[in-house]
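Next up, upload_39.txt (compact mmCIF, C-alpha atoms):
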```txt
# COMPACT_ATOMS: atom_id res chain seq x y z
CA MET K 1 69.54 82.20 -63.76
CA LYS K 2 65.89 81.15 -64.02
CA PRO K 3 66.63 77.40 -63.70
CA ARG K 4 68.48 77.76 -60.35
CA ILE K 5 65.64 79.79 -58.86
CA ALA K 6 63.21 77.03 -59.81
CA SER K 7 65.39 74.37 -58.12
CA LEU K 8 65.58 76.35 -54.88
CA ILE K 9 61.81 76.74 -54.83
CA VAL K 10 61.33 72.96 -55.23
CA MET K 11 63.83 72.21 -52.43
CA PHE K 12 62.13 74.69 -50.13
CA ILE K 13 58.77 73.19 -50.79
CA ALA K 14 60.16 69.68 -50.18
CA SER K 15 61.78 70.83 -46.94
CA GLY K 16 58.56 72.39 -45.85
CA VAL K 17 56.63 69.22 -46.53
CA LEU K 18 59.16 67.24 -44.45
CA ALA K 19 58.86 69.66 -41.59
CA LEU K 20 55.12 69.46 -41.73
CA GLY K 21 55.34 65.66 -41.80
CA GLN K 22 57.18 65.58 -38.47
CA ASP K 23 54.41 67.48 -36.67
CA SER K 24 51.36 65.96 -38.29
CA PRO K 25 50.13 62.37 -37.49
CA SER K 26 48.72 62.04 -40.95
CA ALA K 27 52.00 63.07 -42.45
CA SER K 28 53.84 60.52 -40.24
CA SER K 29 51.54 57.76 -41.52
CA ALA K 30 52.39 58.80 -45.02
CA ALA K 31 56.11 58.94 -44.24
CA ALA K 32 55.96 55.50 -42.51
CA ALA K 33 54.97 54.05 -45.83
CA ALA K 34 58.19 55.17 -47.27
CA PRO K 35 60.91 52.48 -47.39
CA GLY K 36 63.47 52.64 -44.57
CA PHE K 37 61.40 55.07 -42.47
CA THR K 38 60.62 54.25 -38.73
CA PRO K 39 57.88 56.44 -37.22
CA VAL K 40 57.93 57.56 -33.57
CA VAL K 41 54.79 56.36 -31.51
CA ALA K 42 54.09 58.20 -28.31
CA GLY K 43 52.41 56.65 -25.21
CA SER K 44 52.93 54.25 -22.19
CA GLY K 45 52.10 50.86 -23.74
CA THR K 46 53.97 47.74 -22.61
CA PRO K 47 54.62 44.50 -24.49
CA ASN K 48 51.88 41.80 -24.64
CA HIS K 49 49.05 44.12 -23.54
CA ILE K 50 46.27 44.79 -25.97
CA ALA K 51 46.63 48.50 -26.84
CA LYS K 52 44.03 51.17 -26.43
CA TRP K 53 44.12 54.88 -27.43
CA LEU K 54 44.78 57.04 -24.38
CA THR K 55 44.39 60.28 -26.31
CA LYS K 56 43.94 61.20 -29.90
CA TYR K 57 47.65 60.78 -30.57
CA THR K 58 48.92 58.35 -27.84
CA ILE K 59 48.50 54.60 -27.15
CA GLY K 60 48.40 52.82 -23.70
CA ASN K 61 47.51 49.46 -22.08
CA THR K 62 44.04 47.81 -21.77
CA GLY K 63 43.18 45.31 -19.03
CA ILE K 64 43.53 42.51 -21.58
CA PHE K 65 46.84 40.65 -21.59
CA GLU K 66 48.10 37.95 -23.94
CA ASP K 67 51.19 35.98 -23.05
CA ALA K 68 53.60 34.29 -25.41
CA THR K 69 51.59 31.01 -25.39
CA GLY K 70 48.41 32.73 -26.51
CA ASN K 71 46.67 32.66 -23.08
CA VAL K 72 44.53 35.74 -22.63
CA GLY K 73 43.93 37.29 -19.22
CA ILE K 74 41.69 40.06 -18.01
CA ALA K 75 43.03 41.94 -14.98
CA THR K 76 45.89 39.44 -14.75
CA THR K 77 49.26 39.23 -16.52
CA THR K 78 49.69 35.55 -15.71
CA PRO K 79 46.72 33.83 -17.38
CA ALA K 80 46.61 30.12 -16.56
CA ALA K 81 44.30 29.14 -19.44
CA LYS K 82 43.22 30.29 -22.83
CA PHE K 83 40.95 32.75 -21.06
CA ASP K 84 41.58 33.86 -17.47
CA LEU K 85 39.36 36.45 -15.76
CA SER K 86 40.55 37.80 -12.42
CA GLY K 87 37.61 39.44 -10.72
CA ALA K 88 33.83 39.44 -10.92
CA GLY K 89 32.12 39.05 -14.23
CA PHE K 90 28.61 39.54 -15.58
CA ILE K 91 26.87 37.78 -18.43
CA ARG K 92 23.76 39.61 -19.63
CA ASP K 93 22.25 36.66 -21.49
CA THR K 94 22.52 32.87 -21.82
CA LEU K 95 25.92 31.30 -21.26
CA THR K 96 26.31 28.19 -23.40
CA LEU K 97 29.26 25.89 -22.72
CA PHE K 98 30.51 23.26 -25.16
CA PRO K 99 32.64 20.69 -23.32
CA SER K 100 35.36 19.02 -25.32
CA GLY K 101 35.36 15.25 -25.15
CA SER K 102 35.22 14.05 -21.55
CA HIS K 103 36.17 17.43 -20.10
CA HIS K 104 33.86 18.82 -17.44
CA THR K 105 31.31 21.37 -18.54
CA LEU K 106 31.85 23.36 -15.34
CA ASN K 107 34.38 23.16 -12.50
CA ILE K 108 34.61 25.33 -9.41
CA SER K 109 38.22 25.31 -8.29
CA GLY K 110 38.89 24.43 -4.67
CA THR K 111 35.67 22.41 -4.29
CA ALA K 112 34.30 19.07 -5.45
CA PHE K 113 31.43 20.73 -7.27
CA SER K 114 31.40 20.04 -10.95
CA ILE K 115 29.09 19.37 -13.87
CA GLY K 116 30.40 16.54 -16.01
CA SER K 117 30.28 16.34 -19.77
CA THR K 118 27.08 14.24 -19.55
CA GLY K 119 25.38 16.60 -17.11
CA LEU K 120 26.21 14.62 -13.94
CA VAL K 121 26.45 17.02 -10.99
CA THR K 122 28.99 16.37 -8.23
CA PHE K 123 28.51 18.30 -4.99
CA ALA K 124 31.08 19.31 -2.45
CA ALA K 125 31.10 17.50 0.88
CA GLY K 126 28.67 19.08 3.33
CA GLN K 127 26.87 20.92 0.56
CA MET K 128 24.00 22.99 1.98
CA PHE K 129 20.85 23.44 -0.10
CA PRO K 130 18.18 26.11 0.36
CA GLY K 131 16.45 25.57 3.69
CA THR K 132 18.02 23.57 6.49
CA GLY K 133 20.07 20.42 6.51
CA SER K 134 22.07 18.63 3.87
CA VAL K 135 21.74 15.36 2.00
CA SER K 136 24.60 12.89 1.76
CA ALA K 137 22.61 9.62 1.70
CA VAL K 138 18.99 8.43 1.79
CA ASN K 139 18.48 5.62 4.30
CA SER K 140 15.62 3.11 4.30
CA GLY K 141 13.96 3.94 7.59
CA LEU K 142 11.15 1.94 9.25
CA GLY K 143 8.87 0.32 6.71
CA LEU K 144 11.18 0.92 3.71
CA THR K 145 13.84 -1.14 2.00
CA GLY K 146 16.56 -0.27 -0.53
CA GLY K 147 18.74 2.23 1.33
CA PRO K 148 21.10 3.80 1.98
CA ILE K 149 21.20 5.51 -1.41
CA THR K 150 24.27 7.65 -2.07
CA THR K 151 24.28 7.63 -5.86
CA THR K 152 21.36 5.74 -7.43
CA GLY K 153 18.87 3.26 -6.03
CA THR K 154 15.22 2.44 -5.38
CA LEU K 155 13.27 2.67 -2.14
CA SER K 156 10.48 0.12 -1.67
CA ILE K 157 7.82 -0.54 0.96
CA ASN K 158 8.64 -3.34 3.38
CA THR K 159 5.37 -5.31 3.26
CA SER K 160 6.24 -7.11 6.50
CA LEU K 161 5.96 -3.77 8.31
CA VAL K 162 3.58 -1.62 6.25
CA PRO K 163 0.10 -2.96 5.38
CA LEU K 164 -1.08 -2.57 1.80
CA LEU K 165 -4.49 -1.28 0.75
CA SER K 166 -5.06 -3.33 -2.41
CA SER K 167 -3.25 -6.55 -1.45
CA ALA K 168 -3.56 -9.21 1.23
CA ASN K 169 -1.67 -8.55 4.48
CA ASN K 170 -0.27 -10.92 7.08
CA PHE K 171 -0.16 -9.39 10.56
CA THR K 172 2.25 -11.25 12.83
CA GLN K 173 1.76 -9.03 15.89
CA ASP K 174 -1.22 -7.72 17.85
CA GLN K 175 -2.98 -4.79 16.27
CA THR K 176 -4.98 -2.09 18.05
CA ILE K 177 -7.66 0.04 16.44
CA SER K 178 -8.34 3.17 18.46
CA ALA K 179 -11.29 4.36 16.40
CA ASP K 180 -14.00 3.01 14.14
CA LEU K 181 -12.84 1.33 10.96
CA PHE K 182 -14.97 1.75 7.86
CA VAL K 183 -14.72 -0.26 4.65
CA ASN K 184 -17.11 0.83 1.92
CA ASN K 185 -19.79 1.63 4.49
CA VAL K 186 -19.91 5.13 5.94
CA PHE K 187 -22.95 4.41 8.11
CA ALA K 188 -21.63 1.50 10.17
CA THR K 189 -19.31 1.70 13.13
CA GLY K 190 -16.58 -0.66 14.27
CA VAL K 191 -14.81 -3.11 11.99
CA THR K 192 -16.86 -3.30 8.81
CA LEU K 193 -16.11 -5.32 5.69
CA ASP K 194 -17.18 -4.52 2.15
CA GLY K 195 -20.74 -5.78 1.86
CA SER K 196 -20.77 -6.26 -1.92
CA ALA K 197 -20.08 -10.01 -1.46
CA ALA K 198 -19.95 -12.65 1.28
CA ARG K 199 -16.91 -12.18 3.52
CA THR K 200 -15.01 -14.21 6.10
CA MET K 201 -13.23 -12.78 9.11
CA GLY K 202 -11.49 -15.04 11.59
CA SER K 203 -8.44 -17.08 12.44
CA GLY K 204 -6.87 -18.79 9.44
CA ASP K 205 -5.53 -22.30 9.03
CA ASN K 206 -2.44 -23.25 10.98
CA PRO K 207 0.47 -22.72 8.54
CA ASN K 208 2.65 -25.23 10.42
CA SER K 209 2.45 -28.65 8.79
CA GLY K 210 0.72 -31.30 10.85
CA GLN K 211 -0.42 -28.90 13.57
CA ALA K 212 -3.96 -28.46 14.93
CA GLY K 213 -5.95 -25.26 14.58
CA ASN K 214 -5.79 -22.55 17.19
CA SER K 215 -8.62 -20.81 18.98
CA LEU K 216 -10.11 -17.45 18.14
CA THR K 217 -11.40 -15.42 21.07
CA VAL K 218 -13.80 -12.53 20.58
CA THR K 219 -14.48 -10.52 23.72
CA GLY K 220 -16.39 -7.45 24.75
CA GLY K 221 -14.51 -4.52 26.26
CA SER K 222 -13.48 -4.83 29.89
CA ALA K 223 -13.80 -2.10 32.49
CA ALA K 224 -10.80 0.14 33.10
CA PHE K 225 -8.10 -1.57 35.14
CA GLY K 226 -8.53 -0.73 38.78
CA ALA K 227 -12.08 0.62 38.36
CA THR K 228 -14.38 -0.02 41.31
CA ASP K 229 -17.39 -2.19 40.44
CA GLY K 230 -16.89 -1.42 36.73
CA ALA K 231 -19.09 -3.50 34.45
CA GLY K 232 -17.74 -5.15 31.32
CA GLY K 233 -19.07 -4.39 27.87
CA ASP K 234 -21.54 -6.62 26.06
CA LEU K 235 -20.55 -9.05 23.35
CA VAL K 236 -23.06 -8.47 20.56
CA LEU K 237 -23.44 -10.88 17.66
CA ALA K 238 -25.96 -9.39 15.27
CA ALA K 239 -27.28 -10.53 11.93
CA GLY K 240 -27.41 -8.12 9.03
CA ASP K 241 -30.30 -5.70 9.45
CA GLY K 242 -33.07 -5.71 6.88
CA THR K 243 -35.51 -3.03 5.79
CA GLY K 244 -39.28 -2.92 6.07
CA ALA K 245 -40.81 -6.38 5.98
CA GLY K 246 -37.50 -7.93 4.95
CA GLY K 247 -36.26 -8.70 8.46
CA SER K 248 -32.69 -9.43 9.40
CA GLY K 249 -30.51 -12.37 8.48
CA ALA K 250 -30.31 -15.44 10.69
CA VAL K 251 -27.74 -15.87 13.47
CA ARG K 252 -25.98 -19.21 12.95
CA ILE K 253 -23.46 -20.95 15.21
CA GLN K 254 -21.73 -23.81 13.45
CA ALA K 255 -19.58 -26.75 14.52
CA ALA K 256 -18.69 -30.17 13.16
CA ALA K 257 -18.30 -33.58 14.79
CA ALA K 258 -15.17 -35.60 14.16
CA GLY K 259 -15.22 -37.64 10.98
CA SER K 260 -13.23 -40.72 10.03
CA SER K 261 -9.49 -40.71 10.55
CA GLY K 262 -7.55 -38.81 7.91
CA SER K 263 -6.77 -35.28 6.73
CA ALA K 264 -10.08 -34.43 5.05
CA ALA K 265 -11.86 -31.43 6.55
CA ASP K 266 -15.04 -32.07 8.54
CA THR K 267 -18.27 -30.42 7.44
CA LEU K 268 -19.58 -27.58 9.58
CA VAL K 269 -23.30 -27.67 10.31
CA ASP K 270 -25.67 -25.26 12.01
CA ARG K 271 -25.60 -26.25 15.67
CA HIS K 272 -27.66 -23.29 16.79
CA LEU K 273 -29.73 -21.08 14.54
CA ILE K 274 -31.73 -18.01 15.50
CA ALA K 275 -33.98 -17.22 12.57
CA PRO K 276 -35.56 -13.86 11.85
CA LYS K 277 -39.32 -13.68 11.62
CA SER K 278 -40.43 -16.50 9.35
CA ALA K 279 -43.02 -16.33 6.61
CA PRO K 280 -46.61 -15.79 7.79
CA MET K 281 -48.42 -18.78 9.32
CA GLY K 282 -51.39 -18.33 7.03
CA GLY K 283 -55.03 -17.87 7.96
CA GLN K 284 -56.99 -18.83 11.06
CA ASN K 285 -55.81 -22.46 10.84
CA GLY K 286 -52.16 -21.67 10.20
CA SER K 287 -49.10 -23.83 9.72
CA ALA K 288 -45.45 -23.56 8.71
CA PHE K 289 -42.78 -26.12 7.98
CA ILE K 290 -39.79 -25.11 10.11
CA PHE K 291 -36.87 -27.46 9.32
CA SER K 292 -35.92 -31.03 8.46
CA LEU K 293 -32.95 -33.24 9.34
CA ASN K 294 -30.97 -35.30 6.87
CA PRO K 295 -28.39 -37.39 8.72
CA ALA K 296 -25.79 -39.45 6.91
CA ASN K 297 -26.29 -43.21 6.54
CA GLY K 298 -25.68 -44.94 9.83
CA ASP K 299 -25.95 -41.69 11.75
CA ALA K 300 -28.47 -40.15 14.12
CA ALA K 301 -29.75 -36.63 14.54
CA GLY K 302 -31.68 -34.67 17.10
CA ALA K 303 -32.84 -31.06 17.34
CA THR K 304 -35.27 -28.80 19.20
CA VAL K 305 -37.15 -25.81 17.86
CA HIS K 306 -38.21 -23.01 20.24
CA PHE K 307 -40.98 -20.83 18.87
CA THR K 308 -43.26 -17.92 19.56
CA ILE K 309 -46.43 -17.26 17.56
CA ARG K 310 -47.88 -13.78 17.29
CA ALA K 311 -51.37 -13.07 15.93
CA ASN K 312 -53.86 -10.21 16.02
CA ASP K 313 -56.86 -9.02 14.06
CA GLY K 314 -55.96 -5.35 14.10
CA ALA K 315 -58.63 -4.69 16.74
CA SER K 316 -59.17 -6.17 20.20
CA ASN K 317 -58.00 -9.76 19.65
CA LEU K 318 -54.33 -10.44 20.30
CA GLY K 319 -52.89 -13.88 20.83
CA THR K 320 -49.45 -15.33 21.46
CA ALA K 321 -48.06 -18.73 22.35
CA THR K 322 -44.58 -20.07 22.99
CA GLY K 323 -43.14 -23.52 23.36
CA SER K 324 -40.79 -26.08 21.86
CA CYS K 325 -40.88 -29.19 19.72
CA PHE K 326 -38.13 -31.76 19.39
CA ILE K 327 -37.17 -34.52 16.99
CA ALA K 328 -34.88 -37.55 17.08
CA THR K 329 -34.19 -39.59 13.96
CA VAL K 330 -31.95 -42.48 12.97
CA LEU K 331 -30.96 -43.63 9.47
CA SER K 332 -29.78 -47.18 8.85
CA ALA K 333 -26.28 -47.86 7.56
CA ASP K 334 -27.52 -48.67 4.07
CA GLY K 335 -29.93 -45.71 4.05
CA SER K 336 -33.00 -47.90 3.65
CA VAL K 337 -34.70 -47.42 7.04
CA ALA K 338 -35.33 -44.23 8.99
CA ILE K 339 -36.95 -43.96 12.41
CA GLY K 340 -38.18 -40.66 13.81
CA GLN K 341 -39.74 -39.60 17.10
CA PHE K 342 -41.36 -36.24 17.68
CA GLY K 343 -42.50 -34.44 20.80
CA PHE K 344 -44.17 -31.29 22.00
CA GLY K 345 -42.31 -29.83 24.95
CA ALA K 346 -43.78 -29.17 28.37
CA ASP K 347 -42.86 -25.51 28.14
CA TYR K 348 -45.88 -24.57 26.04
CA ALA K 349 -47.75 -21.42 27.11
CA ASP K 350 -50.85 -19.76 25.61
CA PRO K 351 -51.80 -16.84 27.92
CA PHE K 352 -55.27 -16.17 26.42
CA ASN K 353 -55.98 -19.71 25.14
CA LEU K 354 -56.52 -18.23 21.67
CA VAL K 355 -53.67 -19.83 19.67
CA ASN K 356 -53.88 -23.59 20.36
CA ALA K 357 -50.51 -24.41 18.77
CA SER K 358 -49.07 -27.86 18.16
CA CYS K 359 -46.18 -29.42 16.32
CA PHE K 360 -46.34 -31.98 13.52
CA PRO K 361 -43.83 -34.07 11.59
CA PHE K 362 -43.38 -33.97 7.85
CA LEU K 363 -41.34 -35.88 5.32
CA GLY K 364 -38.96 -34.18 2.94
CA SER K 365 -37.89 -35.27 -0.55
CA GLY K 366 -36.02 -38.31 0.85
CA LEU K 367 -35.78 -39.88 4.28
CA GLU K 368 -35.77 -36.41 5.82
CA TYR K 369 -37.88 -35.97 8.91
CA GLY K 370 -38.87 -32.45 9.77
CA ILE K 371 -40.91 -30.41 12.25
CA GLY K 372 -43.69 -28.00 11.45
CA ILE K 373 -45.78 -25.77 13.73
CA SER K 374 -49.55 -25.38 13.39
CA ASP K 375 -52.31 -23.63 15.31
CA ASN K 376 -56.04 -22.99 15.36
CA LEU K 377 -56.76 -19.38 16.27
CA ALA K 378 -59.95 -18.39 18.05
CA PHE K 379 -60.29 -15.38 15.71
CA VAL K 380 -59.54 -14.41 12.13
CA PRO K 381 -56.09 -12.73 12.09
CA THR K 382 -54.69 -9.94 10.00
CA THR K 383 -51.18 -10.63 11.35
CA HIS K 384 -50.10 -14.23 11.95
CA ASP K 385 -46.40 -15.11 12.07
CA ILE K 386 -43.87 -17.17 13.99
CA TYR K 387 -40.42 -16.58 15.47
CA PHE K 388 -38.12 -19.51 16.19
CA GLU K 389 -34.64 -20.76 16.96
CA ILE K 390 -33.22 -24.23 16.50
CA ASP K 391 -30.83 -26.17 18.77
CA ASN K 392 -29.14 -28.91 16.75
CA VAL K 393 -27.47 -31.24 19.23
CA SER K 394 -26.34 -33.67 16.53
CA GLY K 395 -22.91 -34.35 15.19
CA SER K 396 -23.32 -34.16 11.45
CA PRO K 397 -26.91 -33.83 10.22
CA LEU K 398 -27.84 -31.33 7.57
CA ILE K 399 -30.47 -28.89 8.77
CA MET K 400 -32.72 -27.72 5.97
CA LEU K 401 -34.72 -24.62 6.83
CA ALA K 402 -38.23 -24.48 5.42
CA PRO K 403 -39.66 -21.25 6.87
CA LEU K 404 -42.53 -21.04 4.40
CA ALA K 405 -46.25 -21.25 5.19
CA LYS K 406 -47.52 -24.31 3.39
CA ALA K 407 -50.46 -26.66 3.49
CA ARG K 408 -49.63 -29.92 5.23
CA SER K 409 -48.38 -32.77 3.13
CA ALA K 410 -50.96 -35.29 2.06
CA ASN K 411 -48.86 -38.16 3.45
CA VAL K 412 -48.98 -36.79 7.00
CA ALA K 413 -51.70 -38.52 8.95
CA PRO K 414 -54.23 -36.16 10.51
CA ASP K 415 -53.74 -37.57 14.00
CA LEU K 416 -50.12 -36.46 13.93
CA THR K 417 -51.26 -32.87 14.27
CA GLN K 418 -53.01 -33.48 17.58
CA ARG K 419 -51.51 -33.47 21.00
CA VAL K 420 -51.72 -36.67 23.03
CA ASP K 421 -52.60 -34.56 26.04
CA ALA K 422 -52.70 -30.87 26.78
CA GLN K 423 -48.93 -30.52 27.23
CA HIS K 424 -47.15 -33.73 26.27
CA PRO K 425 -47.99 -35.15 22.86
CA ARG K 426 -45.52 -37.78 21.72
CA LEU K 427 -45.72 -39.22 18.22
CA ASP K 428 -43.73 -42.17 16.91
CA VAL K 429 -43.26 -42.46 13.17
CA ARG K 430 -41.63 -45.41 11.46
CA ARG K 431 -41.15 -45.62 7.75
CA ASN K 432 -39.41 -48.29 5.68
CA ARG K 433 -38.03 -47.64 2.26
```
Structure encoded using structure tokens:
Amino acid sequence: MKPRIASLIVMFIASGVLALGQDSPSASSAAAAAPGFTPVVAGSGTPNHIAKWLTKYTIGNTGIFEDATGNVGIATTTPAAKFDLSGAGFIRDTLTLFPSGSHHTLNISGTAFSIGSTGLVTFAAGQMFPGTGSVSAVNSGLGLTGGPITTTGTLSINTSLVPLLSSANNFTQDQTISADLFVNNVFATGVTLDGSAARTMGSGDNPNSGQAGNSLTVTGGSAAFGATDGAGGDLVLAAGDGTGAGGSGAVRIQAAAAGSSGSAADTLVDRHLIAPKSAPMGGQNGSAFIFSLNPANGDAAGATVHFTIRANDGASNLGTATGSCFIATVLSADGSVAIGQFGFGADYADPFNLVNASCFPFLGSGLEYGIGISDNLAFVPTTHDIYFEIDNVSGSPLIMLAPLAKARSANVAPDLTQRVDAQHPRLDVRRNR
């Protein structure tokens, strides 16, 4: 009897364990491990959705869906790619994309905007950027070349329209300056060139082969059109200003006579020269060589010097005289004979009869005849200088200025320094070589 009771107790315990296993999740897990046993899972899950626990004992659907091809969708059950998000998304840190091969790094469906695998950005038509307007092409515009640019290109300055600052410019149309123009000189007004070296401003050579030069006209400003009795502006030609005792530069007007037939350029010479104050005349018996002429062989030359002498002794004596001297000279064809004639003009004036000026000839280093001015003051001066201008009415002589106070040359005869009469001395000099 004892064995049967033991068997019933074992069966009861086994039945109890089975009953407990049907009500307990942990017991079900244990039973599921048994061969041929199918557990019952409660919940509302559907195929292909990633499961999530709805309660402690039931399973339901997440928003993540995976179809039979392995495409995963969030908030969509029809994912069109390996990952398909339907709705807004947030990325809390850097998004790094790794394009495969030639695939685009980024595409925005429905537009032309994309970022290619090499970083090239393609914009949609009519793309608007921050601010106003949009860019579809960059055109050249006035003064530029190289456009329109729609992909890549280079814009350049059209030098036929835009002047350059550090290169030469060729203006083919009239230019108007409505204000002062300064170049390296903040103190001057008007058109000013850099004074660090000699400069030239004027009309250039005719670029057309075989054609003559064209004129250059410089005018002062005219009165306003329609103004009643409006005066025109002055035309001022001024030499460079000096400082202190330096004086200004000379004013020189040059021209050249025609040479022999051919294409060689003629040589410009000073046809009119207005000199600044020359060097001092010296003491009471003062003198200064003014200029000499050096014509070419077989040529002639002639010039007049107009002068004013100023002298004072720093006290009560003040003297001044003005007048002119002239010279004509001829040089033989072989350069062996020169003939010169000198004169003292009738325009001489000495208001106080204290200066007693005269002109005298002198000889240069070759067959160069020149004119000097001398005087004999009636007092001992502390200031004694001369102002002059020269009219060269010759075709091609070389004028050599000699505005230095010098003693007279030893080869100049004393009588050449005297006037023939009070107003009209005339001295003939002939010299053979």
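Rounded to one decimal, CA of Ser394 (chain K) and CA of Asp266 (chain K) lie 13.9 Å from each other.
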d(CA of Ile371 (chain K), CA of Ser287 (chain K)) in Å: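 Atom-to-atom, CA of Ile371 (chain K) and CA of Ser287 (chain K) are spaced 10.8 Å apart.
Residue neighbourhood of region 70-75 of chain K, excluding near-sequence residues (fewer than 4 positions): K:Asn48, K:His49, K:Ile50, K:Thr62, K:Gly63, K:Ile64, K:Phe65, K:Glu66, K:Pro79, K:Ala80, K:Ala81, K:Lys82, K:Phe83, K:Asp84, K:Leu85, K:Ser86, K:Gly87, at 10 Å, using only C-alpha atoms.
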Residue neighbourhood Ala328 (chain K), 6 Å, only C-alpha atoms, exclusion window fewer than 4 positions, as a list in words: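 Here the answer would be Ala301, Gly302, Gly340 and Gln341 of chain K.
Reported to one decimal place, the separation of CA of Val138 (chain K) from CA of Thr105 (chain K) is 27.1 Å.
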Local residues around (-48.1, -18.8, 23.5), at most 7 Å away, using only C-alpha atoms, as a ChimeraX atom specification: /K:308-309,320-323,348-351,355
